[in-house]
file query18.txt (compact mmCIF, C-alpha atoms and all ligand atoms)
# COMPACT_ATOMS: atom_id res chain seq x y z
CA MET A 15 -22.18 158.17 -67.39
CA ILE A 16 -18.57 157.08 -66.98
CA ALA A 17 -17.87 153.41 -67.68
CA LEU A 18 -15.15 152.05 -65.45
CA CYS A 19 -13.08 149.27 -66.94
CA LYS A 20 -10.96 147.29 -64.53
CA SER A 21 -8.33 145.13 -66.17
CA THR A 22 -7.09 142.11 -64.28
CA ASP A 23 -4.53 141.19 -66.94
CA PRO A 24 -0.91 141.59 -65.86
CA MET A 25 1.20 144.13 -67.72
CA GLN A 26 2.97 142.74 -70.79
CA ILE A 27 6.72 143.34 -70.84
CA ALA A 28 8.52 143.54 -74.20
CA VAL A 29 12.30 143.19 -74.05
CA THR A 30 13.98 144.73 -77.09
CA ARG A 31 17.49 145.78 -78.03
CA GLU A 32 18.57 148.74 -80.15
CA VAL A 33 19.85 147.96 -83.65
CA SER A 34 23.57 147.16 -83.72
CA PRO A 35 25.67 149.55 -85.83
CA GLY A 36 27.22 146.31 -87.14
CA LEU A 37 23.89 144.97 -88.52
CA GLY A 38 25.34 144.94 -92.05
CA ALA A 39 27.53 141.99 -91.03
CA CYS A 40 24.51 139.91 -89.95
CA GLU A 41 24.11 136.19 -90.52
CA LEU A 42 22.16 135.36 -93.69
CA SER A 43 20.87 131.94 -94.75
CA TYR A 44 18.14 132.28 -97.37
CA VAL A 45 18.18 136.00 -98.18
CA PRO A 46 20.84 137.55 -100.46
CA ARG A 47 22.98 140.26 -98.86
CA SER A 48 21.94 143.81 -99.71
CA ALA A 49 22.89 147.20 -98.29
CA ILE A 50 21.12 148.06 -95.04
CA ASP A 51 20.28 151.70 -94.30
CA LEU A 52 21.17 151.89 -90.60
CA ARG A 53 19.46 155.20 -89.99
CA LEU A 54 16.24 153.82 -91.46
CA ALA A 55 16.66 150.57 -89.54
CA ASN A 56 16.84 152.58 -86.31
CA GLU A 57 13.76 154.60 -87.23
CA GLN A 58 11.85 151.45 -88.10
CA HIS A 59 12.88 149.82 -84.85
CA HIS A 60 11.73 152.91 -82.95
CA ALA A 61 8.34 152.68 -84.67
CA TYR A 62 8.19 148.98 -83.86
CA ARG A 63 8.71 149.75 -80.16
CA GLN A 64 5.96 152.36 -80.39
CA ALA A 65 3.65 149.75 -81.92
CA LEU A 66 4.39 147.46 -78.95
CA GLU A 67 3.54 150.31 -76.58
CA SER A 68 0.35 151.11 -78.48
CA LEU A 69 -0.78 147.53 -77.82
CA GLY A 70 -0.17 147.89 -74.09
CA CYS A 71 3.40 146.61 -73.63
CA ARG A 72 5.93 148.16 -71.33
CA VAL A 73 9.00 148.20 -73.57
CA LEU A 74 12.44 147.61 -72.10
CA SER A 75 15.17 148.68 -74.49
CA LEU A 76 18.68 147.31 -74.11
CA PRO A 77 21.55 149.36 -75.51
CA ALA A 78 22.98 148.45 -78.91
CA GLU A 79 25.81 145.91 -79.06
CA PRO A 80 28.28 147.12 -81.74
CA GLU A 81 30.17 143.80 -81.74
CA LEU A 82 27.04 141.64 -82.11
CA PRO A 83 25.50 142.28 -85.55
CA ASP A 84 22.28 140.27 -85.03
CA SER A 85 21.64 141.28 -81.43
CA VAL A 86 18.48 143.26 -82.26
CA PHE A 87 16.82 139.87 -82.82
CA VAL A 88 16.32 139.13 -79.13
CA GLU A 89 13.65 136.51 -79.76
CA ASP A 90 16.33 133.99 -80.65
CA VAL A 91 18.16 134.02 -77.32
CA ALA A 92 15.38 133.09 -74.88
CA LEU A 93 11.89 131.67 -74.44
CA VAL A 94 9.87 133.24 -71.68
CA LEU A 95 7.05 131.06 -70.37
CA ASP A 96 4.81 131.68 -67.37
CA GLU A 97 6.83 129.43 -65.07
CA VAL A 98 10.38 129.77 -66.33
CA ALA A 99 12.63 131.41 -68.92
CA ILE A 100 14.85 129.21 -71.07
CA LEU A 101 18.08 130.76 -72.29
CA THR A 102 18.87 129.32 -75.69
CA ARG A 103 22.18 128.44 -77.25
CA PRO A 104 21.83 129.99 -80.73
CA GLY A 105 22.81 127.86 -83.68
CA ALA A 106 25.02 130.58 -85.18
CA LEU A 107 28.31 130.89 -83.29
CA SER A 108 28.35 134.66 -83.89
CA ARG A 109 25.14 134.97 -81.86
CA ARG A 110 26.01 133.07 -78.68
CA ALA A 111 27.34 136.14 -76.85
CA GLU A 112 23.92 137.80 -77.19
CA VAL A 113 22.46 135.62 -74.45
CA ALA A 114 24.17 136.95 -71.31
CA SER A 115 22.78 140.50 -71.33
CA VAL A 116 19.23 139.31 -71.99
CA ALA A 117 19.63 136.74 -69.20
CA LYS A 118 20.40 139.57 -66.76
CA VAL A 119 17.09 141.24 -67.59
CA LEU A 120 15.04 138.05 -67.52
CA ALA A 121 16.48 137.06 -64.14
CA GLY A 122 14.29 139.81 -62.67
CA TYR A 123 11.14 138.12 -63.97
CA ARG A 124 11.54 134.35 -64.10
CA PRO A 125 13.69 131.49 -62.82
CA LEU A 126 16.26 130.80 -65.53
CA ARG A 127 17.17 127.51 -67.21
CA ALA A 128 19.52 127.08 -70.17
CA ILE A 129 20.16 124.97 -73.25
CA GLU A 130 23.69 123.68 -72.97
CA ALA A 131 26.39 122.50 -75.39
CA PRO A 132 26.27 120.65 -77.64
CA GLY A 133 22.58 121.47 -78.03
CA THR A 134 21.50 124.48 -80.08
CA LEU A 135 18.15 126.24 -80.22
CA ASP A 136 16.98 129.53 -81.73
CA GLY A 137 13.88 131.12 -80.21
CA GLY A 138 12.62 131.82 -83.73
CA ASP A 139 12.08 128.09 -84.06
CA VAL A 140 9.70 127.89 -81.11
CA LEU A 141 6.03 128.60 -81.67
CA ARG A 142 4.08 128.45 -78.43
CA ILE A 143 0.38 127.73 -78.74
CA GLY A 144 -1.22 127.29 -75.35
CA ARG A 145 0.60 124.56 -73.46
CA THR A 146 2.29 123.19 -76.61
CA LEU A 147 5.65 124.30 -77.98
CA HIS A 148 6.12 123.55 -81.67
CA VAL A 149 9.84 123.46 -82.48
CA GLY A 150 11.14 123.82 -86.02
CA GLN A 151 13.73 121.33 -87.20
CA SER A 152 15.98 123.97 -88.73
CA ALA A 153 19.71 124.29 -89.32
CA ARG A 154 19.83 126.42 -86.14
CA SER A 155 18.02 124.11 -83.71
CA SER A 156 19.50 120.67 -83.16
CA ALA A 157 17.97 117.42 -81.98
CA ALA A 158 20.04 117.77 -78.80
CA GLY A 159 18.62 121.26 -78.19
CA PHE A 160 15.11 119.94 -78.75
CA GLY A 161 15.68 117.09 -76.29
CA GLN A 162 16.98 119.47 -73.63
CA LEU A 163 14.01 121.78 -74.10
CA ARG A 164 11.58 118.89 -73.70
CA ASP A 165 13.33 117.83 -70.47
CA LEU A 166 13.44 121.37 -69.06
CA LEU A 167 9.69 121.73 -69.67
CA SER A 168 8.57 118.28 -68.58
CA ASP A 169 5.98 117.70 -65.85
CA GLU A 170 8.81 116.49 -63.61
CA ALA A 171 10.81 119.69 -64.13
CA LEU A 172 7.82 122.02 -63.70
CA SER A 173 6.00 120.42 -60.75
CA GLY A 174 3.27 118.88 -62.89
CA ARG A 175 2.82 121.97 -65.11
CA GLY A 176 4.84 120.70 -68.06
CA TYR A 177 4.48 121.67 -71.71
CA ALA A 178 4.07 119.39 -74.70
CA VAL A 179 7.11 119.89 -76.92
CA ARG A 180 6.85 118.64 -80.51
CA ALA A 181 9.18 118.78 -83.48
CA VAL A 182 7.95 120.25 -86.78
CA PRO A 183 9.83 119.71 -90.07
CA ILE A 184 10.46 122.87 -92.09
CA ARG A 185 12.19 123.47 -95.43
CA GLY A 186 13.57 126.45 -97.32
CA CYS A 187 13.42 129.03 -94.52
CA LEU A 188 15.41 130.14 -91.49
CA HIS A 189 13.04 129.38 -88.60
CA LEU A 190 9.67 127.79 -87.89
CA LYS A 191 8.21 131.25 -87.25
CA SER A 192 9.35 132.33 -90.72
CA ALA A 193 6.82 129.74 -91.92
CA VAL A 194 3.96 129.90 -89.41
CA THR A 195 2.64 132.13 -86.63
CA GLN A 196 -0.60 132.33 -84.68
CA VAL A 197 -2.90 135.22 -85.56
CA THR A 198 -6.01 134.43 -83.48
CA ASP A 199 -6.79 131.77 -80.88
CA GLU A 200 -7.87 129.38 -83.63
CA THR A 201 -6.05 130.73 -86.71
CA LEU A 202 -2.53 130.27 -88.03
CA LEU A 203 -0.86 132.21 -90.84
CA VAL A 204 1.20 129.74 -92.88
CA ASN A 205 3.52 129.57 -95.85
CA PRO A 206 2.74 126.01 -97.07
CA ALA A 207 5.94 125.95 -99.16
CA TRP A 208 7.98 126.06 -95.94
CA VAL A 209 5.89 124.04 -93.47
CA ASP A 210 3.13 121.51 -94.01
CA PRO A 211 -0.14 122.95 -92.67
CA ALA A 212 -1.17 119.38 -91.83
CA ALA A 213 1.27 119.64 -88.91
CA PHE A 214 -1.30 121.95 -87.30
CA ALA A 215 -4.52 119.94 -87.54
CA GLY A 216 -7.53 121.57 -85.91
CA PHE A 217 -6.51 125.16 -86.67
CA ARG A 218 -8.02 127.42 -89.27
CA ILE A 219 -5.21 128.08 -91.75
CA ILE A 220 -4.69 131.30 -93.70
CA GLU A 221 -2.06 130.78 -96.39
CA VAL A 222 0.20 133.66 -97.35
CA ASP A 223 -0.07 134.92 -100.91
CA VAL A 224 2.27 132.89 -103.14
CA ASP A 225 4.09 136.08 -104.18
CA GLU A 226 4.72 137.01 -100.52
CA PRO A 227 6.68 134.04 -99.10
CA HIS A 228 7.97 135.98 -96.08
CA ALA A 229 4.47 137.05 -95.03
CA ALA A 230 3.78 134.37 -92.40
CA ASN A 231 5.55 136.16 -89.54
CA ALA A 232 3.08 138.12 -87.39
CA LEU A 233 3.47 139.17 -83.76
CA ARG A 234 0.43 138.67 -81.57
CA ILE A 235 0.12 140.96 -78.56
CA GLY A 236 -3.08 140.26 -76.62
CA ALA A 237 -5.89 140.81 -79.10
CA GLY A 238 -3.62 142.86 -81.38
CA LEU A 239 -1.29 141.84 -84.18
CA ILE A 240 1.87 143.60 -85.38
CA TYR A 241 2.46 142.91 -89.05
CA PRO A 242 4.78 144.14 -91.84
CA ALA A 243 3.19 146.72 -94.12
CA CYS A 244 4.89 145.31 -97.22
CA PHE A 245 2.63 142.29 -97.82
CA PRO A 246 -0.56 143.84 -99.27
CA ARG A 247 -2.05 140.62 -100.62
CA THR A 248 -1.67 138.69 -97.38
CA LEU A 249 -2.84 141.79 -95.47
CA GLN A 250 -6.03 141.63 -97.54
CA LYS A 251 -6.47 137.97 -96.60
CA LEU A 252 -6.13 138.91 -92.92
CA ALA A 253 -8.64 141.75 -93.36
CA ASP A 254 -11.05 139.39 -95.15
CA ALA A 255 -10.82 137.10 -92.12
CA GLY A 256 -11.74 140.04 -89.86
CA ILE A 257 -8.25 140.25 -88.34
CA VAL A 258 -7.18 143.77 -87.41
CA VAL A 259 -3.46 144.53 -87.62
CA THR A 260 -1.04 147.28 -86.62
CA THR A 261 1.32 147.60 -89.55
CA VAL A 262 5.00 148.47 -89.27
CA ASP A 263 7.68 148.98 -91.89
CA VAL A 264 10.59 146.61 -91.23
CA SER A 265 12.28 146.65 -94.64
CA GLU A 266 15.81 147.07 -93.22
CA LEU A 267 15.39 144.29 -90.64
CA GLN A 268 14.00 142.04 -93.38
CA LYS A 269 17.28 142.52 -95.27
CA ALA A 270 18.91 140.94 -92.20
CA GLU A 271 16.43 138.03 -92.45
CA GLY A 272 14.39 139.27 -89.50
CA ALA A 273 10.79 140.37 -89.25
CA VAL A 274 8.36 141.23 -86.45
CA THR A 275 8.45 138.39 -83.92
CA CYS A 276 12.24 138.37 -83.78
CA CYS A 277 12.73 141.88 -82.36
CA SER A 278 11.09 141.34 -78.97
CA LEU A 279 10.53 138.93 -76.12
CA VAL A 280 7.00 139.54 -74.87
CA PHE A 281 5.71 138.09 -71.63
CA ALA A 282 3.43 138.79 -68.70
CA ASP A 283 5.03 140.78 -65.89
CA ALA A 284 3.40 138.94 -63.01
CA VAL A 285 1.96 135.47 -63.45
CA THR A 286 -0.56 134.03 -61.01
CA HIS A 287 -2.05 130.55 -61.26
C1 LIG B 1 20.15 135.40 -88.22
O1 LIG B 1 20.40 134.83 -89.28
O2 LIG B 1 20.30 134.85 -87.13
C2 LIG B 1 19.66 136.82 -88.26
N1 LIG B 1 20.26 137.49 -89.36
C3 LIG B 1 18.15 136.87 -88.39
C4 LIG B 1 17.46 136.29 -87.18
C5 LIG B 1 15.99 136.47 -87.26
N2 LIG B 1 15.38 135.86 -86.14
C6 LIG B 1 14.13 135.47 -86.09
O3 LIG B 1 13.41 135.59 -87.07
N3 LIG B 1 13.69 134.90 -84.99
call {"tool": "encode", "arguments": {"input": "query18.txt", "output": "structure tokens"}}
result
Amino acid sequence: MIALCKSTDPMQIAVTREVSPGLGACELSYVPRSAIDLRLANEQHHAYRQALESLGCRVLSLPAEPELPDSVFVEDVALVLDEVAILTRPGALSRRAEVASVAKVLAGYRPLRAIEAPGTLDGGDVLRIGRTLHVGQSARSSAAGFGQLRDLLSDEALSGRGYAVRAVPIRGCLHLKSAVTQVTDETLLVNPAWVDPAAFAGFRIIEVDVDEPHAANALRIGAGLIYPACFPRTLQKLADAGIVVTTVDVSELQKAEGAVTCCSLVFADAVTH
């Protein structure tokens, strides 16, 4: 007998951008500079895109931007919600020119809004859980950026379908999603040295292994999870919790202070309410 499975879920789009040949000149805040193997970085990014495809995404790949070292980290330049896409204004001056080309792509999928000067916001600071956006208070995302985001996503701005937007203190790391990401509907993966788990009451918390501080960044795609292969102890914790992961090697992107969420913008192609 043939079982027919009819999916009603819309296709997931993943916007990515090829690694810049200038990646070696990336911004760094908490990670010491070390030599990046560009050929390996490209291979790893290719495998990352394949992992996205294996989990059902249609991957759009923008060409590399030689003049924009950090431009592979597309997560930081936009937030794509069901109703609207918000173009950010990245906190690092060197990254502001990354926004325009991603905006052109997103314009085909969502109405666009934008964070404006003097506000700054990095997408890596925004953790969306349901109808709540948790926004890290980092060096990259300012109070003005936070206030603009809250206004752009208010009930008034979104015809009664607003989002709760709340600020979350972080310490010792680049972005909120360096410190915490969602790994199942009810579970968060957290580095408690960088964000207080008490900020996320009601969730089951899995703490990263103390020897793997960068291990809290996981990318959830539907029921799947893309996760760096280099954190064996935290991987074991995820396995013990029954969480299945697709591992990728992102060693060269980690040298640029990136990980797995930062290299894509994932969203539903068609949204119906
Ligand atoms: C930066 O400092 O902006 C880049 N070198 C790394 C950005 C990583 N972005 C992210 O995790 N969302």
call {"tool": "residues_around", "arguments": {"input": "query18.txt", "residues": "Val91 in chain A", "least_positions_apart": "6", "cutoff": "8 Å", "atoms": "all atoms listed in the file", "output": "list in words"}}
result
Leu101, Thr102, Arg103, Pro104, Glu112, Val113, Val116, Asp136 and Gly137 of chain A
call {"tool": "write_last_selection", "arguments": {"input": "query18.txt", "atoms": "C-alpha atoms", "output": "CSV table (one decimal), in the frame of the given file"}}
result
chain,number,residue,atom,x,y,z
A,101,LEU,CA,18.1,130.8,-72.3
A,102,THR,CA,18.9,129.3,-75.7
A,103,ARG,CA,22.2,128.4,-77.2
A,104,PRO,CA,21.8,130.0,-80.7
A,112,GLU,CA,23.9,137.8,-77.2
A,113,VAL,CA,22.5,135.6,-74.4
A,116,VAL,CA,19.2,139.3,-72.0
A,136,ASP,CA,17.0,129.5,-81.7
A,137,GLY,CA,13.9,131.1,-80.2
call {"tool": "residues_around", "arguments": {"input": "query18.txt", "residues": "Glu89 in chain A", "least_positions_apart": "3", "cutoff": "10 Å", "atoms": "all atoms listed in the file", "output": "count of residues only"}}
result
21
call {"tool": "closest_residue", "arguments": {"input": "query18.txt", "among": "A:Leu233, A:Leu76, A:Ile27, A:Ala253", "to": "ligand LIG 1 (chain B)", "atoms": "only C-alpha atoms and all ligand atoms"}}
result
A:Leu233
call {"tool": "atom_distance", "arguments": {"input": "query18.txt", "atom1": "CA of Arg47 in chain A", "atom2": "CA of Asp84 in chain A"}}
result
13.8 Å
call {"tool": "residues_around", "arguments": {"input": "query18.txt", "residues": "Gln64 in chain A", "least_positions_apart": "4", "cutoff": "12 Å", "atoms": "only C-alpha atoms", "output": "list in words"}}
result
Ala28, Thr30, Glu57, Gln58, His59, His60, Ser68, Leu69, Gly70, Cys71, Arg72, Val73, Leu74, Ser75, Ile240, Thr260, Thr261 and Val262 of chain A
call {"tool": "residues_around", "arguments": {"input": "query18.txt", "residues": "Leu126 in chain A", "least_positions_apart": "2", "cutoff": "8 Å", "atoms": "all atoms listed in the file", "output": "list in words"}}
result
Val98, Ala99, Ile100, Leu101, Ala117, Leu120, Ala121, Arg124 and Ala128 of chain A
call {"tool": "atom_distance", "arguments": {"input": "query18.txt", "atom1": "CA of Ala237 in chain A", "atom2": "CA of Leu135 in chain A"}}
result
28.1 Å
call {"tool": "atom_distance", "arguments": {"input": "query18.txt", "atom1": "CA of Gln196 in chain A", "atom2": "CA of Trp208 in chain A"}}
result
15.5 Å
call {"tool": "residues_near_ligand", "arguments": {"input": "query18.txt", "ligand": "ligand LIG 1 (chain B)", "cutoff": "7 Å", "atoms": "only C-alpha atoms and all ligand atoms", "output": "NGL selection string"}}
result
:A and (40-43 or 84 or 87 or 89-90 or 106 or 137-138 or 189 or 191-192 or 270-273 or 275-276)
call {"tool": "closest_residue", "arguments": {"input": "query18.txt", "among": "A:Gly186, A:Ile220, A:Val33, A:Thr195", "to": "Ala207 in chain A", "atoms": "only C-alpha atoms"}}
result
A:Gly186
call {"tool": "residues_near_point", "arguments": {"input": "query18.txt", "point": "(13.3, 122.0, -93.4)", "cutoff": "8 Å", "atoms": "only C-alpha atoms", "output": "PyMOL selection string"}}
result
chain A and resi 150-153+183-187+208-209
call {"tool": "closest_residue", "arguments": {"input": "query18.txt", "among": "A:Arg142, A:Arg180, A:Arg164, A:Arg247", "to": "Asp225 in chain A", "atoms": "only C-alpha atoms"}}
result
A:Arg247
call {"tool": "closest_residue", "arguments": {"input": "query18.txt", "among": "A:Cys244, A:Gly238, A:Ala213, A:Leu37", "to": "Val258 in chain A", "atoms": "only C-alpha atoms"}}
result
A:Gly238
call {"tool": "residues_near_point", "arguments": {"input": "query18.txt", "point": "(1.3, 133.1, -85.0)", "cutoff": "8 Å", "atoms": "all atoms listed in the file", "output": "ChimeraX atom specification"}}
result
/A:141,191,194-198,201-203,230-234
call {"tool": "residues_around", "arguments": {"input": "query18.txt", "residues": "Asn56 in chain A", "least_positions_apart": "2", "cutoff": "12 Å", "atoms": "all atoms listed in the file", "output": "PyMOL selection string"}}
result
chain A and resi 31-35+37+50-54+58-63+78+86+263-267
